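Peer 1: What follows is the file coords_2.txt, containing compact mmCIF, C-alpha atoms and all ligand atoms:
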```
# COMPACT_ATOMS: atom_id res chain seq x y z
CA MET A 405 15.97 -19.94 -5.30
CA PHE A 406 14.54 -16.72 -3.92
CA TYR A 407 15.88 -14.64 -6.79
CA GLU A 408 15.00 -17.34 -9.35
CA TYR A 409 11.41 -17.20 -8.13
CA LEU A 410 11.35 -13.40 -8.41
CA LYS A 411 12.56 -13.64 -12.03
CA GLY A 412 10.49 -16.64 -12.99
CA HIS A 413 7.19 -15.94 -11.28
CA MET A 414 7.01 -12.31 -10.17
CA GLY A 415 8.00 -10.35 -13.24
CA ILE A 416 11.32 -9.03 -11.95
CA SER A 417 13.92 -8.18 -14.60
CA PRO A 418 16.72 -10.76 -14.57
CA GLN A 419 19.42 -8.03 -14.41
CA VAL A 420 17.81 -6.55 -11.26
CA ALA A 421 17.34 -9.91 -9.53
CA ASN A 422 20.93 -10.93 -10.32
CA PHE A 423 22.32 -7.60 -9.15
CA VAL A 424 20.52 -7.80 -5.79
CA ALA A 425 21.40 -11.50 -5.36
CA GLU A 426 25.07 -10.71 -5.89
CA THR A 427 24.92 -7.81 -3.43
CA GLU A 428 23.11 -9.86 -0.79
CA ALA A 429 25.80 -12.52 -0.89
CA SER A 430 28.34 -9.95 0.36
CA LEU A 431 26.37 -9.03 3.48
CA THR A 432 26.56 -12.16 5.65
CA ALA A 433 28.64 -10.52 8.38
CA GLN A 434 26.16 -7.64 8.81
CA PHE A 435 23.22 -10.05 8.82
CA SER A 436 24.69 -12.28 11.47
CA LYS A 437 25.26 -9.21 13.66
CA ALA A 438 21.55 -8.37 13.33
CA ASP A 439 20.67 -11.97 14.26
CA GLU A 440 22.83 -11.79 17.36
CA ILE A 441 21.20 -8.57 18.55
CA ALA A 442 17.74 -10.06 17.93
CA ALA A 443 18.67 -13.13 19.97
CA VAL A 444 19.72 -11.06 22.98
CA ASN A 445 16.63 -8.86 22.78
CA GLN A 446 14.43 -11.95 22.53
CA LEU A 447 15.86 -13.25 25.78
CA LYS A 448 15.53 -9.86 27.46
CA ILE A 449 11.82 -9.77 26.59
CA LEU A 450 11.28 -13.42 27.53
CA LYS A 451 12.89 -12.86 30.91
CA ALA A 452 10.77 -9.75 31.57
CA MET A 453 7.59 -11.67 30.71
CA GLN A 454 8.55 -14.52 33.01
CA GLN A 455 9.49 -12.21 35.87
CA SER A 456 6.19 -10.37 35.51
CA ARG A 457 4.37 -13.73 35.68
CA LEU A 458 2.49 -13.10 32.46
CA SER A 459 -0.52 -15.40 32.43
CA ASP A 460 -3.16 -16.52 29.95
CA THR A 461 -5.93 -15.09 32.12
CA PHE A 462 -4.50 -11.58 31.61
CA PHE A 463 -5.48 -11.54 27.96
CA ASN A 464 -9.21 -11.11 28.55
CA GLY A 465 -8.80 -7.39 28.99
CA SER A 466 -11.04 -4.75 30.44
CA THR A 467 -13.74 -2.38 29.26
CA GLY A 468 -15.11 0.94 30.51
CA TYR A 469 -12.81 2.56 33.07
CA GLY A 470 -10.45 -0.39 32.96
CA TYR A 471 -9.83 -0.40 36.72
CA ASN A 472 -7.50 -3.12 38.02
CA ASP A 473 -6.65 -4.53 34.61
CA GLU A 474 -4.04 -7.16 35.47
CA GLY A 475 -2.98 -7.67 31.89
CA ARG A 476 -2.34 -3.97 31.37
CA GLU A 477 -0.39 -3.84 34.61
CA ALA A 478 1.70 -6.85 33.57
CA LEU A 479 2.41 -5.37 30.15
CA GLU A 480 3.48 -2.09 31.72
CA GLU A 481 5.66 -3.96 34.20
CA ILE A 482 7.29 -5.81 31.29
CA PHE A 483 8.10 -2.53 29.55
CA THR A 484 9.41 -1.17 32.85
CA ARG A 485 11.81 -4.12 33.13
CA ILE A 486 12.99 -3.98 29.51
CA PHE A 487 13.76 -0.27 29.79
CA LYS A 488 15.19 -0.57 33.33
CA ALA A 489 12.67 2.07 34.39
CA GLU A 490 10.33 2.77 37.32
CA ALA A 491 7.01 2.95 35.49
CA ALA A 492 5.44 2.66 32.06
CA LEU A 493 2.31 3.67 30.25
CA VAL A 494 1.55 1.24 27.40
CA ARG A 495 -1.86 2.03 26.03
CA PRO A 496 -4.11 1.60 23.03
CA GLN A 497 -5.37 5.12 23.87
CA LEU A 498 -2.00 6.51 22.81
CA VAL A 499 -2.77 6.77 19.11
CA SER A 500 0.76 7.12 17.78
CA GLY A 501 4.32 8.06 18.56
CA THR A 502 3.49 11.74 18.22
CA HIS A 503 0.69 11.33 20.75
CA ALA A 504 2.96 9.52 23.23
CA LEU A 505 5.61 12.23 22.86
CA ALA A 506 3.01 14.99 23.19
CA ALA A 507 1.65 13.40 26.39
CA ALA A 508 5.18 13.25 27.81
CA LEU A 509 5.87 16.89 26.87
CA PHE A 510 2.56 18.46 27.86
CA GLY A 511 2.43 16.38 31.02
CA ASN A 512 5.79 17.60 32.25
CA LEU A 513 6.11 21.17 30.98
CA ARG A 514 4.40 24.21 32.52
CA PRO A 515 3.99 27.83 31.35
CA GLY A 516 7.30 29.66 31.47
CA ASP A 517 9.37 26.50 31.02
CA THR A 518 11.81 25.89 28.20
CA LEU A 519 12.19 22.78 26.07
CA LEU A 520 15.58 22.17 24.47
CA SER A 521 16.30 20.00 21.46
CA PRO A 522 20.07 19.42 21.49
CA VAL A 523 19.93 17.38 18.27
CA GLY A 524 18.54 19.88 15.78
CA ARG A 525 15.06 20.09 14.36
CA PRO A 526 12.73 17.36 15.66
CA TYR A 527 10.50 15.08 13.59
CA ASP A 528 7.98 16.89 11.37
CA THR A 529 4.88 16.15 13.47
CA LEU A 530 6.60 17.49 16.61
CA GLU A 531 6.93 20.91 14.98
CA ALA A 532 3.19 21.45 15.45
CA VAL A 533 3.23 20.00 18.98
CA ILE A 534 6.03 22.33 20.06
CA GLY A 535 4.77 25.28 18.01
CA ILE A 536 7.83 25.61 15.80
CA ARG A 537 5.15 25.67 13.11
CA PRO A 538 2.29 27.79 14.53
CA GLU A 539 -0.59 25.52 15.54
CA ALA A 540 -3.51 26.04 17.90
CA GLY A 541 -2.97 24.12 21.13
CA SER A 542 0.83 23.85 20.74
CA LEU A 543 3.25 24.12 23.67
CA ALA A 544 4.12 27.62 22.44
CA GLU A 545 0.52 28.71 22.90
CA TYR A 546 0.79 27.65 26.56
CA GLY A 547 3.85 29.87 27.03
CA ILE A 548 6.46 27.13 26.78
CA SER A 549 9.50 28.24 24.86
CA TYR A 550 11.65 26.16 22.62
CA ARG A 551 15.37 26.26 22.03
CA GLU A 552 17.33 24.24 19.54
CA ALA A 553 21.00 23.36 19.22
CA GLY A 554 21.63 22.32 15.64
CA LEU A 555 24.11 19.62 14.75
CA THR A 556 27.58 20.37 13.42
CA PRO A 557 27.98 20.10 9.62
CA ASP A 558 29.20 16.49 10.00
CA GLY A 559 26.10 15.55 12.01
CA LYS A 560 27.63 15.55 15.51
CA PHE A 561 26.33 17.15 18.70
CA ASP A 562 27.36 20.81 18.81
CA TYR A 563 28.56 20.86 22.41
CA ASP A 564 29.42 24.60 22.42
CA VAL A 565 25.83 25.53 21.63
CA ILE A 566 24.45 22.79 23.89
CA HIS A 567 26.56 23.97 26.87
CA GLU A 568 25.32 27.50 26.39
CA ALA A 569 21.69 26.37 26.22
CA LEU A 570 22.16 24.27 29.36
CA ASN A 571 23.33 27.33 31.32
CA GLU A 572 19.68 28.34 31.36
CA SER A 573 18.66 24.97 32.89
CA PRO A 574 15.83 24.08 30.51
CA LYS A 575 13.00 22.17 32.17
CA MET A 576 13.13 19.45 29.53
CA ALA A 577 15.38 18.23 26.75
CA THR A 578 14.16 16.04 23.91
CA ILE A 579 16.60 13.79 22.09
CA GLN A 580 15.46 12.14 18.87
CA ARG A 581 17.28 8.86 18.28
CA SER A 582 16.21 8.26 14.68
CA LYS A 583 16.98 10.60 11.81
CA GLY A 584 13.32 11.20 10.98
CA TYR A 585 12.92 12.94 7.64
CA SER A 586 16.37 14.45 7.69
CA TRP A 587 19.75 13.55 6.34
CA ARG A 588 21.52 13.26 9.61
CA PRO A 589 22.93 10.21 11.31
CA SER A 590 20.65 8.35 13.68
CA PHE A 591 22.25 8.41 17.11
CA THR A 592 23.48 5.23 18.70
CA VAL A 593 22.63 4.36 22.27
CA GLU A 594 26.27 5.10 23.17
CA GLU A 595 26.12 8.59 21.62
CA ILE A 596 22.84 9.35 23.38
CA ARG A 597 24.34 8.16 26.66
CA GLU A 598 27.22 10.58 26.25
CA LEU A 599 24.84 13.46 25.50
CA ILE A 600 22.73 12.58 28.55
CA GLN A 601 25.85 12.62 30.74
CA CYS A 602 26.68 16.08 29.44
CA ILE A 603 23.16 17.37 30.19
CA ARG A 604 23.17 15.81 33.68
CA ALA A 605 26.54 17.34 34.52
CA ARG A 606 25.50 20.88 33.59
CA SER A 607 21.80 20.91 34.30
CA PRO A 608 20.91 18.11 36.69
CA HIS A 609 17.21 19.02 36.95
CA THR A 610 16.49 18.93 33.24
CA ILE A 611 14.05 16.11 32.44
CA ILE A 612 15.52 14.15 29.53
CA LEU A 613 13.10 12.60 27.05
CA VAL A 614 14.26 10.30 24.26
CA ASP A 615 12.10 9.98 21.16
CA ASN A 616 12.83 6.28 20.70
CA CYS A 617 10.66 5.81 17.59
CA TYR A 618 12.20 3.31 15.15
CA GLY A 619 15.05 2.59 17.57
CA GLU A 620 13.67 -0.14 19.82
CA PHE A 621 15.58 -3.44 19.69
CA VAL A 622 17.92 -2.35 16.90
CA GLN A 623 20.78 -2.48 19.39
CA ALA A 624 21.25 -4.80 22.35
CA ASP A 625 20.71 -1.79 24.67
CA GLU A 626 18.21 1.05 24.87
CA PRO A 627 18.97 4.63 25.96
CA VAL A 628 17.73 3.79 29.46
CA GLU A 629 19.69 6.63 31.09
CA ALA A 630 16.94 9.01 29.93
CA ASP A 631 14.20 10.07 32.38
CA LEU A 632 11.55 9.24 29.79
CA LEU A 633 11.38 7.33 26.52
CA ALA A 634 8.42 7.30 24.17
CA GLY A 635 7.47 5.51 20.99
CA SER A 636 4.81 3.94 18.81
CA LEU A 637 3.50 0.37 18.88
CA ILE A 638 2.93 0.34 15.12
CA LYS A 639 6.67 0.63 14.78
CA ASN A 640 9.31 -1.65 16.33
CA PRO A 641 7.93 -2.64 19.74
CA GLY A 642 4.56 -3.79 18.37
CA GLY A 643 6.28 -6.42 16.21
CA GLY A 644 3.72 -5.94 13.44
CA ILE A 645 1.10 -7.62 15.63
CA ALA A 646 -0.05 -4.71 17.81
CA PRO A 647 -3.00 -3.05 16.06
CA GLY A 648 -2.10 0.35 17.55
CA GLY A 649 -0.90 2.14 20.64
CA GLY A 650 2.06 3.92 22.10
CA TYR A 651 4.28 3.85 25.16
CA VAL A 652 5.95 6.19 27.63
CA VAL A 653 8.43 4.64 30.06
CA GLY A 654 10.84 6.06 32.62
CA LYS A 655 10.91 7.68 36.07
CA ARG A 656 7.62 7.20 37.91
CA GLU A 657 6.92 10.89 38.55
CA PHE A 658 7.34 11.85 34.91
CA VAL A 659 5.41 8.88 33.54
CA GLU A 660 2.57 9.74 35.92
CA ASN A 661 2.59 13.30 34.62
CA ALA A 662 2.22 11.95 31.09
CA ALA A 663 -0.65 9.72 32.28
CA ARG A 664 -2.43 12.74 33.81
CA ARG A 665 -2.23 14.40 30.45
CA LEU A 666 -3.40 11.30 28.56
CA THR A 667 -6.47 10.78 30.78
CA ALA A 668 -7.12 13.50 33.38
CA PRO A 669 -5.54 14.87 36.57
CA GLY A 670 -6.73 12.65 39.39
CA LEU A 671 -7.19 9.68 37.09
CA GLY A 672 -3.78 9.24 35.47
CA GLY A 673 -2.82 5.68 34.60
CA ALA A 674 -5.31 4.06 36.98
CA VAL A 675 -7.92 4.08 34.22
CA GLY A 676 -7.54 2.84 30.67
CA PRO A 677 -9.40 -0.15 29.27
CA MET A 678 -7.42 -2.53 27.07
CA LEU A 679 -10.49 -3.19 24.91
CA GLY A 680 -9.37 -6.67 23.97
CA MET A 681 -5.88 -5.64 22.85
CA THR A 682 -3.79 -7.07 25.69
CA ARG A 683 -2.75 -10.22 23.86
CA THR A 684 -1.85 -8.52 20.59
CA LEU A 685 0.22 -5.83 22.32
CA THR A 686 2.03 -8.43 24.41
CA GLN A 687 2.55 -10.92 21.61
CA GLY A 688 3.70 -8.12 19.34
CA LEU A 689 6.36 -7.16 21.87
CA PHE A 690 7.45 -10.79 21.98
CA MET A 691 7.77 -10.89 18.16
CA ALA A 692 9.44 -7.48 17.94
CA PRO A 693 13.14 -8.50 17.97
CA GLN A 694 12.57 -10.82 15.00
CA ALA A 695 10.59 -8.23 13.04
CA VAL A 696 13.18 -5.56 13.82
CA SER A 697 16.11 -7.70 12.67
CA SER A 698 14.24 -8.52 9.44
CA ALA A 699 13.72 -4.83 8.84
CA VAL A 700 17.36 -4.06 9.64
CA LYS A 701 18.53 -6.68 7.14
CA GLY A 702 16.35 -5.17 4.42
CA ALA A 703 17.74 -1.73 5.24
CA ILE A 704 21.29 -3.05 4.97
CA LEU A 705 20.51 -4.65 1.62
CA ALA A 706 18.96 -1.41 0.34
CA ALA A 707 22.02 0.54 1.47
CA ALA A 708 24.37 -1.87 -0.29
CA VAL A 709 22.36 -2.04 -3.51
CA PHE A 710 21.81 1.69 -3.89
CA SER A 711 25.35 2.68 -3.00
CA ARG A 712 26.63 0.19 -5.58
CA LEU A 713 24.48 2.05 -8.10
CA GLY A 714 26.10 5.34 -7.10
CA PHE A 715 23.36 6.84 -4.91
CA ASP A 716 24.17 8.41 -1.54
CA VAL A 717 22.78 6.28 1.26
CA ASN A 718 22.50 6.96 4.99
CA PRO A 719 23.67 4.92 6.81
CA LEU A 720 26.18 2.93 4.76
CA ALA A 721 25.65 -0.83 4.59
CA ASP A 722 28.46 -1.60 7.03
CA ALA A 723 27.86 1.27 9.48
CA PRO A 724 26.53 0.61 12.99
CA ARG A 725 22.73 0.97 13.11
CA SER A 726 20.51 2.52 15.71
CA ASP A 727 17.17 2.48 13.89
CA ILE A 728 15.43 0.63 11.07
CA VAL A 729 15.35 3.56 8.66
CA GLN A 730 17.38 3.59 5.46
CA ALA A 731 17.59 6.94 3.74
CA ILE A 732 18.46 6.97 0.05
CA LYS A 733 19.12 10.20 -1.82
CA LEU A 734 17.48 9.77 -5.22
CA ASN A 735 17.84 13.44 -6.36
CA ALA A 736 14.77 13.43 -8.60
CA PRO A 737 11.02 13.34 -7.94
CA GLU A 738 10.35 10.71 -10.63
CA LYS A 739 12.85 8.35 -9.01
CA VAL A 740 11.12 8.77 -5.65
CA LEU A 741 7.78 7.96 -7.27
CA ALA A 742 9.15 4.87 -9.04
CA PHE A 743 10.77 3.63 -5.82
CA CYS A 744 7.53 4.04 -3.89
CA TRP A 745 5.46 2.38 -6.62
CA GLY A 746 7.81 -0.58 -6.47
CA ILE A 747 7.40 -0.86 -2.69
CA GLN A 748 3.64 -0.74 -3.09
CA LYS A 749 3.79 -3.53 -5.69
CA ALA A 750 5.68 -5.66 -3.18
CA ALA A 751 2.93 -5.32 -0.55
CA PRO A 752 0.60 -8.11 0.58
CA VAL A 753 -2.29 -5.63 0.89
CA ASP A 754 -3.31 -3.02 -1.71
CA SER A 755 -0.51 -4.08 -4.06
CA PHE A 756 -2.68 -2.91 -6.96
CA VAL A 757 -2.90 0.77 -5.96
CA THR A 758 -0.55 3.56 -7.02
CA PRO A 759 0.50 5.86 -4.18
CA GLU A 760 0.64 9.59 -4.89
CA PRO A 761 2.05 12.48 -2.84
CA ALA A 762 -0.58 14.11 -0.64
CA PRO A 763 -0.82 16.57 2.25
CA MET A 764 -0.69 14.73 5.60
CA PRO A 765 -1.92 15.93 8.99
CA GLY A 766 1.10 17.10 10.96
CA TYR A 767 3.45 17.42 7.98
CA ALA A 768 4.36 20.67 6.24
CA HIS A 769 5.13 19.19 2.79
CA GLY A 770 3.32 16.79 0.54
CA VAL A 771 4.40 13.29 1.49
CA ILE A 772 4.26 10.10 -0.54
CA MET A 773 3.73 7.00 1.55
CA ALA A 774 3.96 3.52 0.11
CA GLY A 775 3.05 0.49 2.11
CA GLY A 776 0.25 -1.97 1.81
CA THR A 777 0.16 -2.93 5.45
CA PHE A 778 -2.08 -5.05 7.64
CA ILE A 779 -2.12 -2.27 10.24
CA GLN A 780 -2.85 1.14 8.73
CA GLY A 781 0.29 3.26 8.55
CA SER A 782 2.41 0.60 10.22
CA SER A 783 6.03 1.23 9.36
CA ILE A 784 7.52 -1.87 10.96
CA GLU A 785 5.79 -3.44 7.97
CA LEU A 786 7.45 -2.87 4.59
CA SER A 787 7.04 0.79 3.74
CA ALA A 788 8.65 3.84 2.22
CA ASP A 789 7.94 7.52 2.67
CA ALA A 790 9.31 10.65 1.15
CA PRO A 791 8.50 14.29 1.71
CA MET A 792 8.33 15.73 -1.81
CA ARG A 793 11.12 18.24 -1.42
CA GLU A 794 14.73 18.61 -2.46
CA PRO A 795 16.96 16.61 -2.56
CA TYR A 796 14.33 13.89 -2.95
CA ILE A 797 15.31 11.48 -0.27
CA VAL A 798 13.29 8.33 0.20
CA TYR A 799 13.07 6.73 3.65
CA PHE A 800 12.73 2.97 3.44
CA GLN A 801 11.91 0.79 6.41
CA GLY A 802 10.28 -2.32 7.69
CA GLY A 803 9.46 -5.78 6.53
CA LEU A 804 8.10 -8.27 9.05
CA THR A 805 10.19 -11.05 7.52
CA ALA A 806 13.59 -10.73 5.91
CA PRO A 807 12.41 -12.25 2.59
CA HIS A 808 9.66 -9.66 2.40
CA SER A 809 12.03 -6.83 3.18
CA PHE A 810 14.41 -8.13 0.47
CA ALA A 811 11.53 -8.43 -1.97
CA GLY A 812 10.74 -4.77 -1.25
CA VAL A 813 14.26 -3.77 -2.26
CA VAL A 814 14.00 -5.86 -5.45
CA PHE A 815 10.60 -4.46 -6.44
CA ALA A 816 11.66 -0.86 -5.77
CA LEU A 817 14.80 -1.34 -7.82
CA ASP A 818 12.90 -3.06 -10.61
CA ALA A 819 10.33 -0.25 -10.82
CA MET A 820 13.16 2.28 -11.10
CA PHE A 821 15.00 0.15 -13.66
CA LYS A 822 11.89 -0.14 -15.82
CA LYS A 823 11.46 3.65 -15.68
CA GLY A 824 15.05 4.09 -16.82
CA SER A 825 16.32 5.56 -13.52
CA PHE A 826 19.61 3.67 -13.99
CA THR A 827 21.11 1.06 -16.29
CA LEU A 828 22.57 -2.33 -15.46
C1 LIG B 901 7.37 7.95 13.49
C2 LIG B 901 8.10 8.92 14.33
C3 LIG B 901 7.45 9.74 15.26
C4 LIG B 901 5.99 9.70 15.51
O1 LIG B 901 5.21 9.49 14.43
P1 LIG B 901 3.76 8.81 14.53
O2 LIG B 901 3.43 8.61 13.10
O3 LIG B 901 2.91 9.76 15.24
O4 LIG B 901 3.91 7.53 15.28
C5 LIG B 901 8.22 10.60 15.99
N1 LIG B 901 9.54 10.66 15.86
C6 LIG B 901 10.20 9.88 14.99
C7 LIG B 901 11.68 9.98 14.88
C8 LIG B 901 9.51 8.99 14.20
O5 LIG B 901 10.16 8.20 13.36
```
Any chance you could put this one into structure tokens?

Peer 2:
Amino acid sequence: MFYEYLKGHMGISPQVANFVAETEASLTAQFSKADEIAAVNQLKILKAMQQSRLSDTFFNGSTGYGYNDEGREALEEIFTRIFKAEAALVRPQLVSGTHALAAALFGNLRPGDTLLSPVGRPYDTLEAVIGIRPEAGSLAEYGISYREAGLTPDGKFDYDVIHEALNESPKMATIQRSKGYSWRPSFTVEEIRELIQCIRARSPHTIILVDNCYGEFVQADEPVEADLLAGSLIKNPGGGIAPGGGYVVGKREFVENAARRLTAPGLGGAVGPMLGMTRTLTQGLFMAPQAVSSAVKGAILAAAVFSRLGFDVNPLADAPRSDIVQAIKLNAPEKVLAFCWGIQKAAPVDSFVTPEPAPMPGYAHGVIMAGGTFIQGSSIELSADAPMREPYIVYFQGGLTAPHSFAGVVFALDAMFKKGSFTL
């Protein structure tokens, strides 16, 4: 009925609808795996909320300094439980994932220290934070050096280079779980755990930060062995309900250092008004496992559909997943544009606009971003982005419900089909 409706009432070419319908029918095993993971994560979150005695009176929220905000404290305790940590900072004042990561880095690094990335080049916006791309106010400007161990050609950790870098006992190591805008595998919780063990064995004092953006609740576990994890609430853990915010969670000392950077030394996490957002942040967390599994199912469908058409996809439809991102190598700028136009047409908001590539703050290349979202820039909602550079890879993610995520795949495919990007 779903595909009949798309053909009959939404202008989708019958060949495209039939092709996706046929592909979807072959994915039941992968979908039921995603459902199982969502079920476990739902219980984990429910239990944390019950243990933290979450109460209706907490949702009123605070203003001004935000002293003694019980709701904020409960929300942070809930994050602390979910991530088996000592402390958390979950704040509307953290504007984005980049901001949360920057607070964790600046809060814990001092002049003369070294930051190591053992997983290759970090996410585009972190290049400016670290100073890989020269930028006023970067870590580099404060005398913090950066060292990188690239991945092996098959996308694995390059332990020879990592071991050598660890001989110098870097103050911090940052491990990005998701692929970001690169054609590398996203790392599973198990792989990250193994890397953390290696770092601990050779350099026990190195503070290990995991960039957990896009990874939350995709697996039944999180990389809780890290000293710090950080992410964005307009991605997975906000469940599409949180209107903004970010989180840092981990060892108390390091979270407090991030809090001192976010507010001011002497104030730290003791201030921070919730400004009426307590309920949406908490409810969003509660909804997150469902939203994440919907997004994962859409990603699996996209992988299956595009690989059937002969495009390279990363990851494959039946590969284990550690994030919600589906990369598809389209090899041509016009195919990227058509894909993104299709995603935009599938949106509930601004479905009538045509996205174009544009310079973005924090990104070195022009980026096209499609997504008519309720929360600006939210990428747990149906969205696609692509840096306009070779080999023209589009990164597809999100969808708060599985039918919407599937509709995104159908609309993207249909837009490409109508532009002659492939034949059926
Ligand atoms: C989204 C993302 C970030 C942070 O981006 P923001 O837009 O600032 O939230 C950092 N790392 C990765 C891997 C990401 O996917």

Peer 1: Counting all atoms listed in the file, which protein, DNA or RNA residues come within 6 Å of ligand LIG 901 (chain B), given as a PDB file with C-alpha atoms, in the frame of the given file?

Peer 2:
```pdb
ATOM      1  CA  SER A 500       0.760   7.120  17.780  1.00  0.00           C
ATOM      2  CA  GLY A 501       4.320   8.060  18.560  1.00  0.00           C
ATOM      3  CA  THR A 502       3.490  11.740  18.220  1.00  0.00           C
ATOM      4  CA  TYR A 527      10.500  15.080  13.590  1.00  0.00           C
ATOM      5  CA  GLN A 580      15.460  12.140  18.870  1.00  0.00           C
ATOM      6  CA  SER A 582      16.210   8.260  14.680  1.00  0.00           C
ATOM      7  CA  GLY A 584      13.320  11.200  10.980  1.00  0.00           C
ATOM      8  CA  ASP A 615      12.100   9.980  21.160  1.00  0.00           C
ATOM      9  CA  CYS A 617      10.660   5.810  17.590  1.00  0.00           C
ATOM     10  CA  TYR A 618      12.200   3.310  15.150  1.00  0.00           C
ATOM     11  CA  SER A 636       4.810   3.940  18.810  1.00  0.00           C
TER      12      SER A 636
END
```

Peer 1: Check the smallest atom-to-atom distance from each of A:Pro538, A:Gly524, A:Pro574, A:Pro759 to A:Lys560 using all atoms listed in the file, then report the winner.

Peer 2: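 Among A:Pro538, A:Gly524, A:Pro574, A:Pro759, it is A:Gly524 that comes nearest to A:Lys560.
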
Peer 1: Name the residues in contact with A:Glu531 at a cut-off of 10 Å, using all atoms listed in the file, excluding same-chain residues fewer than 4 positions from it; report them as an NGL selection string.

Peer 2: :A and (525-527 or 535-539 or 542-543 or 766-768)

Peer 1: Taking C-alpha atoms for each residue, export the selection above as an mmCIF file, keeping the file's coordinate frame.

Peer 2:
```cif
data_model
loop_
_atom_site.group_PDB
_atom_site.id
_atom_site.type_symbol
_atom_site.label_atom_id
_atom_site.label_comp_id
_atom_site.auth_asym_id
_atom_site.auth_seq_id
_atom_site.Cartn_x
_atom_site.Cartn_y
_atom_site.Cartn_z
ATOM 1 C CA ARG A 525 15.060 20.090 14.360
ATOM 2 C CA PRO A 526 12.730 17.360 15.660
ATOM 3 C CA TYR A 527 10.500 15.080 13.590
ATOM 4 C CA GLY A 535 4.770 25.280 18.010
ATOM 5 C CA ILE A 536 7.830 25.610 15.800
ATOM 6 C CA ARG A 537 5.150 25.670 13.110
ATOM 7 C CA PRO A 538 2.290 27.790 14.530
ATOM 8 C CA GLU A 539 -0.590 25.520 15.540
ATOM 9 C CA SER A 542 0.830 23.850 20.740
ATOM 10 C CA LEU A 543 3.250 24.120 23.670
ATOM 11 C CA GLY A 766 1.100 17.100 10.960
ATOM 12 C CA TYR A 767 3.450 17.420 7.980
ATOM 13 C CA ALA A 768 4.360 20.670 6.240
#
```

Peer 1: Show which residues sit within 9 Å of stretch 801-805 of chain A, as a CSV table (one decimal) with C-alpha atoms, in the frame of the given file. Count only C-alpha atoms, and ignore same-chain residues fewer than 5 positions away.

Peer 2:
```csv
chain,number,residue,atom,x,y,z
A,639,LYS,CA,6.7,0.6,14.8
A,640,ASN,CA,9.3,-1.6,16.3
A,643,GLY,CA,6.3,-6.4,16.2
A,644,GLY,CA,3.7,-5.9,13.4
A,694,GLN,CA,12.6,-10.8,15.0
A,695,ALA,CA,10.6,-8.2,13.0
A,696,VAL,CA,13.2,-5.6,13.8
A,697,SER,CA,16.1,-7.7,12.7
A,698,SER,CA,14.2,-8.5,9.4
A,699,ALA,CA,13.7,-4.8,8.8
A,700,VAL,CA,17.4,-4.1,9.6
A,702,GLY,CA,16.4,-5.2,4.4
A,703,ALA,CA,17.7,-1.7,5.2
A,728,ILE,CA,15.4,0.6,11.1
A,729,VAL,CA,15.4,3.6,8.7
A,730,GLN,CA,17.4,3.6,5.5
A,731,ALA,CA,17.6,6.9,3.7
A,782,SER,CA,2.4,0.6,10.2
A,783,SER,CA,6.0,1.2,9.4
A,784,ILE,CA,7.5,-1.9,11.0
A,785,GLU,CA,5.8,-3.4,8.0
A,786,LEU,CA,7.4,-2.9,4.6
A,787,SER,CA,7.0,0.8,3.7
A,788,ALA,CA,8.6,3.8,2.2
A,789,ASP,CA,7.9,7.5,2.7
A,810,PHE,CA,14.4,-8.1,0.5
A,812,GLY,CA,10.7,-4.8,-1.2
```

Peer 1: Can you tell me how far atom CA of A:Lys749 sits from atom CA of A:Asn735, in Å to one decimal?

Peer 2: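 According to the coordinates, atom CA of A:Lys749 and atom CA of A:Asn735 are separated by 22.0 Å.
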
Peer 1: Which distance in Å separates atom CA of A:Glu490 and atom CA of A:Gly648, to one decimal?

Peer 2: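 These two atoms are separated by 23.5 Å.
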
Peer 1: With all atoms listed in the file as the basis for distance, which of A:Glu552, A:Glu738, A:Glu572, A:Asp460 is at the shortest distance from A:Thr610?

Peer 2: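 Of A:Glu552, A:Glu738, A:Glu572, A:Asp460, the one nearest A:Thr610 is A:Glu572, counting all atoms listed in the file.
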
Peer 1: Produce a table with one row for each residue of stretch 622-648 of chain A that has an atom at most 8 Å from any atom of stretch 667-690 of chain A, each row naming the nearest atom pair and its distance in Å at one decimal; use only C-alpha atoms; arrange rows by chain and rising residue number; format as JSON lines.

Peer 2:
```
{"residue": "A:Leu637", "atom": "CA", "partner": "A:Leu685", "partner_atom": "CA", "distance": 7.8}
{"residue": "A:Pro641", "atom": "CA", "partner": "A:Leu689", "partner_atom": "CA", "distance": 5.2}
{"residue": "A:Gly642", "atom": "CA", "partner": "A:Gly688", "partner_atom": "CA", "distance": 4.5}
{"residue": "A:Gly643", "atom": "CA", "partner": "A:Gly688", "partner_atom": "CA", "distance": 4.4}
{"residue": "A:Gly644", "atom": "CA", "partner": "A:Gly688", "partner_atom": "CA", "distance": 6.3}
{"residue": "A:Ile645", "atom": "CA", "partner": "A:Gly688", "partner_atom": "CA", "distance": 4.6}
{"residue": "A:Ala646", "atom": "CA", "partner": "A:Leu685", "partner_atom": "CA", "distance": 4.7}
{"residue": "A:Pro647", "atom": "CA", "partner": "A:Thr684", "partner_atom": "CA", "distance": 7.2}
```

Peer 1: Which is closer to A:Gly475 than all the others in A:Met792, A:Ala489, A:Ala605, A:Leu458, using all atoms listed in the file?

Peer 2: A:Leu458

Peer 1: Of the residues A:Ala750, A:Val593, A:Ala692, A:Ala790, which is the one nearest to A:Gly415, using all atoms listed in the file?

Peer 2: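 Ranking A:Ala750, A:Val593, A:Ala692, A:Ala790 by distance to A:Gly415, first place goes to A:Ala750.
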